[in-house]
Every structure is written in structure tokens, then in C-alpha cells.
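Source file: final.pdb; contents: PDB, C-alpha atoms.
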ATOM      1  CA  MET A   2      91.628 108.907 105.808  1.00  0.00           C
ATOM      2  CA  ASP A   3      94.562 108.048 108.046  1.00  0.00           C
ATOM      3  CA  SER A   4      97.224 110.637 108.699  1.00  0.00           C
ATOM      4  CA  PHE A   5     100.439 110.382 106.747  1.00  0.00           C
ATOM      5  CA  THR A   6     102.764 107.887 108.408  1.00  0.00           C
ATOM      6  CA  HIS A   7     105.999 108.732 106.641  1.00  0.00           C
ATOM      7  CA  PHE A   8     106.767 111.762 108.813  1.00  0.00           C
ATOM      8  CA  ASN A   9     108.419 111.800 112.226  1.00  0.00           C
ATOM      9  CA  GLU A  10     107.555 114.074 115.155  1.00  0.00           C
ATOM     10  CA  GLN A  11     109.641 116.857 113.547  1.00  0.00           C
ATOM     11  CA  GLY A  12     107.763 116.591 110.269  1.00  0.00           C
ATOM     12  CA  ARG A  13     110.727 114.980 108.527  1.00  0.00           C
ATOM     13  CA  ALA A  14     110.644 111.885 106.336  1.00  0.00           C
ATOM     14  CA  ARG A  15     110.969 108.474 107.953  1.00  0.00           C
ATOM     15  CA  MET A  16     110.576 104.842 107.017  1.00  0.00           C
ATOM     16  CA  VAL A  17     107.582 103.437 108.893  1.00  0.00           C
ATOM     17  CA  ASP A  18     108.408 100.872 111.589  1.00  0.00           C
ATOM     18  CA  ILE A  19     106.562  97.674 110.656  1.00  0.00           C
ATOM     19  CA  SER A  20     108.180  95.437 113.279  1.00  0.00           C
ATOM     20  CA  GLY A  21     104.942  95.092 115.291  1.00  0.00           C
ATOM     21  CA  LYS A  22     102.737  94.248 112.304  1.00  0.00           C
ATOM     22  CA  THR A  23     101.497  90.753 111.552  1.00  0.00           C
ATOM     23  CA  SER A  24     102.655  88.970 108.415  1.00  0.00           C
ATOM     24  CA  THR A  25      99.846  88.222 105.999  1.00  0.00           C
ATOM     25  CA  ILE A  26      99.585  87.148 102.372  1.00  0.00           C
ATOM     26  CA  ARG A  27      99.519  90.327 100.308  1.00  0.00           C
ATOM     27  CA  THR A  28      98.845  90.871  96.632  1.00  0.00           C
ATOM     28  CA  ALA A  29      98.604  93.872  94.366  1.00  0.00           C
ATOM     29  CA  VAL A  30      97.591  94.258  90.732  1.00  0.00           C
ATOM     30  CA  ALA A  31      98.682  97.315  88.752  1.00  0.00           C
ATOM     31  CA  VAL A  32      97.946  98.152  85.139  1.00  0.00           C
ATOM     32  CA  THR A  33      99.216 100.542  82.532  1.00  0.00           C
ATOM     33  CA  GLN A  34      99.110 100.909  78.782  1.00  0.00           C
ATOM     34  CA  ILE A  35     101.156 102.256  75.889  1.00  0.00           C
ATOM     35  CA  THR A  36      99.426 103.915  72.968  1.00  0.00           C
ATOM     36  CA  MET A  37     101.402 103.674  69.742  1.00  0.00           C
ATOM     37  CA  ASN A  38     100.922 103.670  66.003  1.00  0.00           C
ATOM     38  CA  PRO A  39      99.247 100.523  64.666  1.00  0.00           C
ATOM     39  CA  ALA A  40     102.413  99.718  62.674  1.00  0.00           C
ATOM     40  CA  THR A  41     104.504  99.856  65.854  1.00  0.00           C
ATOM     41  CA  LEU A  42     102.156  97.513  67.715  1.00  0.00           C
ATOM     42  CA  THR A  43     102.178  95.119  64.769  1.00  0.00           C
ATOM     43  CA  ALA A  44     105.994  95.145  64.715  1.00  0.00           C
ATOM     44  CA  VAL A  45     106.073  94.382  68.459  1.00  0.00           C
ATOM     45  CA  LYS A  46     103.606  91.503  68.109  1.00  0.00           C
ATOM     46  CA  GLU A  47     105.402  90.062  65.068  1.00  0.00           C
ATOM     47  CA  GLY A  48     108.855  90.340  66.658  1.00  0.00           C
ATOM     48  CA  ARG A  49     110.165  92.799  64.078  1.00  0.00           C
ATOM     49  CA  ILE A  50     111.845  95.259  66.461  1.00  0.00           C
ATOM     50  CA  GLY A  51     115.603  95.399  65.874  1.00  0.00           C
ATOM     51  CA  LYS A  52     116.510  95.321  69.573  1.00  0.00           C
ATOM     52  CA  GLY A  53     114.871  91.915  70.101  1.00  0.00           C
ATOM     53  CA  ASP A  54     111.738  90.410  71.646  1.00  0.00           C
ATOM     54  CA  VAL A  55     110.117  93.496  73.146  1.00  0.00           C
ATOM     55  CA  LEU A  56     107.614  91.711  75.358  1.00  0.00           C
ATOM     56  CA  ALA A  57     110.164  89.209  76.717  1.00  0.00           C
ATOM     57  CA  VAL A  58     112.591  91.990  77.640  1.00  0.00           C
ATOM     58  CA  ALA A  59     109.781  94.134  79.105  1.00  0.00           C
ATOM     59  CA  GLN A  60     108.639  91.172  81.200  1.00  0.00           C
ATOM     60  CA  VAL A  61     112.115  90.706  82.674  1.00  0.00           C
ATOM     61  CA  ALA A  62     112.454  94.472  83.242  1.00  0.00           C
ATOM     62  CA  GLY A  63     109.127  94.541  85.075  1.00  0.00           C
ATOM     63  CA  ILE A  64     110.118  91.648  87.324  1.00  0.00           C
ATOM     64  CA  GLN A  65     113.432  93.336  88.009  1.00  0.00           C
ATOM     65  CA  GLY A  66     111.615  96.595  88.752  1.00  0.00           C
ATOM     66  CA  ALA A  67     109.363  94.884  91.296  1.00  0.00           C
ATOM     67  CA  LYS A  68     112.368  93.323  93.026  1.00  0.00           C
ATOM     68  CA  LYS A  69     114.271  96.624  93.146  1.00  0.00           C
ATOM     69  CA  THR A  70     111.423  98.962  94.153  1.00  0.00           C
ATOM     70  CA  SER A  71     112.987  99.842  97.503  1.00  0.00           C
ATOM     71  CA  ASP A  72     116.095 101.028  95.635  1.00  0.00           C
ATOM     72  CA  TRP A  73     113.947 103.538  93.721  1.00  0.00           C
ATOM     73  CA  ILE A  74     111.245 104.599  96.169  1.00  0.00           C
ATOM     74  CA  PRO A  75     112.960 105.911  99.312  1.00  0.00           C
ATOM     75  CA  MET A  76     110.399 104.919 101.966  1.00  0.00           C
ATOM     76  CA  CYS A  77     109.626 101.431 100.603  1.00  0.00           C
ATOM     77  CA  HIS A  78     110.788  98.465 102.634  1.00  0.00           C
ATOM     78  CA  PRO A  79     112.887  95.822 100.876  1.00  0.00           C
ATOM     79  CA  LEU A  80     110.539  92.860 100.447  1.00  0.00           C
ATOM     80  CA  ALA A  81     110.965  89.176  99.734  1.00  0.00           C
ATOM     81  CA  LEU A  82     108.513  88.784  96.873  1.00  0.00           C
ATOM     82  CA  THR A  83     106.924  85.384  96.412  1.00  0.00           C
ATOM     83  CA  GLY A  84     105.654  86.016  92.892  1.00  0.00           C
ATOM     84  CA  VAL A  85     105.526  88.499  90.041  1.00  0.00           C
ATOM     85  CA  ASN A  86     103.384  87.824  86.975  1.00  0.00           C
ATOM     86  CA  ILE A  87     103.215  90.199  84.015  1.00  0.00           C
ATOM     87  CA  THR A  88     100.740  89.763  81.186  1.00  0.00           C
ATOM     88  CA  PHE A  89     100.355  91.671  77.940  1.00  0.00           C
ATOM     89  CA  SER A  90      97.291  92.156  75.790  1.00  0.00           C
ATOM     90  CA  ASP A  91      96.277  94.682  73.165  1.00  0.00           C
ATOM     91  CA  ASN A  92      93.223  96.226  71.580  1.00  0.00           C
ATOM     92  CA  GLY A  93      94.130  94.887  68.147  1.00  0.00           C
ATOM     93  CA  HIS A  94      94.907  98.371  66.892  1.00  0.00           C
ATOM     94  CA  ASP A  95      97.148 100.775  68.798  1.00  0.00           C
ATOM     95  CA  VAL A  96      97.190 100.069  72.554  1.00  0.00           C
ATOM     96  CA  LEU A  97      99.362  97.570  74.427  1.00  0.00           C
ATOM     97  CA  HIS A  98      97.983  96.739  77.897  1.00  0.00           C
ATOM     98  CA  ILE A  99     100.265  95.622  80.728  1.00  0.00           C
ATOM     99  CA  GLU A 100      98.986  93.970  83.903  1.00  0.00           C
ATOM    100  CA  VAL A 101     101.218  93.067  86.831  1.00  0.00           C
ATOM    101  CA  GLU A 102     100.367  90.939  89.858  1.00  0.00           C
ATOM    102  CA  VAL A 103     102.828  90.897  92.751  1.00  0.00           C
ATOM    103  CA  LYS A 104     102.621  88.659  95.825  1.00  0.00           C
ATOM    104  CA  THR A 105     104.399  88.374  99.153  1.00  0.00           C
ATOM    105  CA  GLU A 106     103.880  87.116 102.656  1.00  0.00           C
ATOM    106  CA  GLY A 107     104.939  89.939 104.887  1.00  0.00           C
ATOM    107  CA  LYS A 108     104.219  92.923 107.084  1.00  0.00           C
ATOM    108  CA  THR A 109     103.687  95.520 104.371  1.00  0.00           C
ATOM    109  CA  GLY A 110     101.912  95.625 101.030  1.00  0.00           C
ATOM    110  CA  VAL A 111     103.214  95.281  97.494  1.00  0.00           C
ATOM    111  CA  GLU A 112     101.301  98.098  95.780  1.00  0.00           C
ATOM    112  CA  MET A 113     104.466 100.057  95.014  1.00  0.00           C
ATOM    113  CA  GLU A 114     106.178  96.950  93.652  1.00  0.00           C
ATOM    114  CA  ALA A 115     103.281  96.306  91.265  1.00  0.00           C
ATOM    115  CA  LEU A 116     103.179  99.938  90.119  1.00  0.00           C
ATOM    116  CA  THR A 117     106.960 100.029  89.667  1.00  0.00           C
ATOM    117  CA  ALA A 118     106.917  96.783  87.693  1.00  0.00           C
ATOM    118  CA  ALA A 119     104.182  98.090  85.378  1.00  0.00           C
ATOM    119  CA  SER A 120     106.114 101.313  84.854  1.00  0.00           C
ATOM    120  CA  ALA A 121     109.423  99.529  84.211  1.00  0.00           C
ATOM    121  CA  ALA A 122     107.793  97.205  81.671  1.00  0.00           C
ATOM    122  CA  ALA A 123     106.154 100.134  79.865  1.00  0.00           C
ATOM    123  CA  LEU A 124     109.366 102.167  79.825  1.00  0.00           C
ATOM    124  CA  THR A 125     111.208  99.168  78.402  1.00  0.00           C
ATOM    125  CA  VAL A 126     108.676  98.845  75.587  1.00  0.00           C
ATOM    126  CA  TYR A 127     109.161 102.552  74.868  1.00  0.00           C
ATOM    127  CA  ASP A 128     112.962 102.188  74.889  1.00  0.00           C
ATOM    128  CA  MET A 129     112.924  99.237  72.531  1.00  0.00           C
ATOM    129  CA  CYS A 130     110.470 100.874  70.096  1.00  0.00           C
ATOM    130  CA  LYS A 131     111.627 104.501  70.136  1.00  0.00           C
ATOM    131  CA  ALA A 132     113.587 104.101  66.898  1.00  0.00           C
ATOM    132  CA  LEU A 133     110.236 103.437  65.161  1.00  0.00           C
ATOM    133  CA  GLN A 134     108.160 105.950  67.095  1.00  0.00           C
ATOM    134  CA  LYS A 135     109.043 108.618  69.626  1.00  0.00           C
ATOM    135  CA  ASP A 136     105.535 109.916  70.392  1.00  0.00           C
ATOM    136  CA  MET A 137     104.191 106.810  72.152  1.00  0.00           C
ATOM    137  CA  ILE A 138     102.102 107.599  75.238  1.00  0.00           C
ATOM    138  CA  ILE A 139     102.453 105.672  78.497  1.00  0.00           C
ATOM    139  CA  GLY A 140      99.573 105.603  80.956  1.00  0.00           C
ATOM    140  CA  PRO A 141      97.488 105.917  82.846  1.00  0.00           C
ATOM    141  CA  THR A 142      99.211 103.676  85.368  1.00  0.00           C
ATOM    142  CA  MET A 143      97.042 102.633  88.306  1.00  0.00           C
ATOM    143  CA  LEU A 144      96.474 100.195  91.119  1.00  0.00           C
ATOM    144  CA  GLN A 145      93.579  97.882  90.233  1.00  0.00           C
ATOM    145  CA  SER A 146      93.427  95.883  93.447  1.00  0.00           C
ATOM    146  CA  LYS A 147      95.226  94.831  96.603  1.00  0.00           C
ATOM    147  CA  THR A 148      94.620  92.250  99.287  1.00  0.00           C
ATOM    148  CA  GLY A 149      95.872  91.760 102.826  1.00  0.00           C
ATOM    149  CA  GLY A 150      96.997  94.098 105.542  1.00  0.00           C
ATOM    150  CA  LYS A 151      95.470  96.318 108.200  1.00  0.00           C
ATOM    151  CA  HIS A 152      93.394  98.409 105.794  1.00  0.00           C
ATOM    152  CA  GLY A 153      91.901  95.368 104.070  1.00  0.00           C
ATOM    153  CA  ASP A 154      91.256  94.745 100.438  1.00  0.00           C
ATOM    154  CA  PHE A 155      90.921  97.351  97.687  1.00  0.00           C
ATOM    155  CA  GLN A 156      89.279  96.980  94.305  1.00  0.00           C
ATOM    156  CA  ARG A 157      89.113  99.866  91.853  1.00  0.00           C
ATOM    157  CA  GLU A 158      85.423 100.785  91.701  1.00  0.00           C
ATOM    158  CA  ASP A 159      85.277 102.346  88.246  1.00  0.00           C
ATOM    159  CA  HIS A 160      86.638  99.212  86.502  1.00  0.00           C
ATOM    160  CA  ARG A 161      88.175 101.378  83.816  1.00  0.00           C
ATOM    161  CA  GLU A 162      90.824  99.990  81.583  1.00  0.00           C
ATOM    162  CA  PRO A 163      94.100 101.827  81.663  1.00  0.00           C
TER     163      PRO A 163
END
Please, can you express the file's structure as C-alpha cells?
Amino acid sequence: MDSFTHFNEQGRARMVDISGKTSTIRTAVAVTQITMNPATLTAVKEGRIGKGDVLAVAQVAGIQGAKKTSDWIPMCHPLALTGVNITFSDNGHDVLHIEVEVKTEGKTGVEMEALTAASAAALTVYDMCKALQKDMIIGPTMLQSKTGGKHGDFQREDHREP
């Protein structure tokens, strides 16, 4: 395992200098889930939540979250993203699955952008449904895969669903 790169010679936080790195196509896929009552999931799927179309708003929130990751995570570089795709599925009972794929062509990866987007989408679902149910559970949230960069590709080995 490489040493931590976000510390300077005094042991203080720093943003890593990526100016000497080569630009490559980079992708990352992150997933999360929200466990809720079956009636809440049905209301989401049927568009019966008073605040509006939950999945449409969560999709926009996730895209916004990906674009604004460097505003939230102090050591992340601002990136010009070339694509963000968010998909929703469910288990037909009580779990809403969220998958986010983020792409860029650049000098640093988009793992944090994918994870932030998944989190923002899930939090938006919670916010829009909390009047119906306050005990929804978000997570686990995890990186499924990434491509590009010095350390190469990553694919989660255990293939577990979030």
C-alpha cells in the first residue's frame, strides 16, 4: 500500500500536485441503497410523494453532487466531468438501489465524485420521503469499480450488492 499522499513534509494536510501526471480516461462506479418500508417504496415508484418526483430530483441532486465534490471534500481537485449517469432499481419490496457512473479525461480519478453523487442522491430520497418514514436506512455506500490512472483498474471482488 502506498503511503498517504495528502500530507506535506510537516505532516500537515495538502492537496496533491497532479501537474506532472498524464491525462487518461477515468471512470468510477459507486453504489448505495436505501432500505424503507414497502409502502414508502411503492409511493416513490408510483409518484405519490407530496414533494414531487423523488427519483428525478434525486438524479439531479446526484449529478450536482458529483460536479460539486471539490466544494465538499477538501483535498479533491475540481474536475471537468465528461459524464454522470445515475440509475435506480429496487428489489420489489423495500430496497431502492442507486448506481452512479462518473467519467472524465484528466489527471486524477473520479471515485470521490461517484461516491458523493451516490450519497447526494440517497440523501435526497431520504429528504423527500421523511414525512412518510423517518427510519429509512442509507447504505452501505461503496466503490464498485474504477478505471484509468497510475494504480490501474479496480473491481470490487466480493460482487456484493449494496
Can you spell out as a PyMOL selection string the set of residues that the PyMOL selection byres ((chain A and resi 58-64) around 12) selects in the structure I just provided? chain A and resi 31-33+45+48+50+52-57+65-70+82-89+97+99-104+114-130
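Using only C-alpha atoms, the shortest contact distance between Lys135 in chain A and any of A:Thr43, A:Asn38, A:Ser90, A:Thr105 is found at A:Asn38.
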Could you give me, as a Markdown table, a per-residue list for range 38-115 of chain A showing, wherever an atom lies at most 8 Å from an atom of range 146-153 of chain A, the closest pair of atoms and their distance in Å to one decimal, using all atoms listed in the file and sorting by chain then residue number from low to high?
| residue | atom | partner | partner_atom | distance |
| --- | --- | --- | --- | --- |
| A:Lys108 | CA | A:Gly150 | CA | 7.5 |
| A:Thr109 | CA | A:Gly150 | CA | 6.9 |
| A:Gly110 | CA | A:Gly150 | CA | 6.8 |
| A:Glu112 | CA | A:Lys147 | CA | 6.9 |
Using only C-alpha atoms, pick whichever of A:Ala40, A:Thr28, A:Asn92, A:Pro79 has the shortest atom-to-atom distance to Leu144 in chain A. A:Thr28
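Relative to CA of Ile74 in chain A, CA of Thr23 in chain A is found at 22.9 Å.
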Which residue out of A:Val111, A:Cys77, A:Met37, A:Leu42 has the minimum interatomic distance to His7 in chain A when all atoms listed in the file are used? A:Cys77
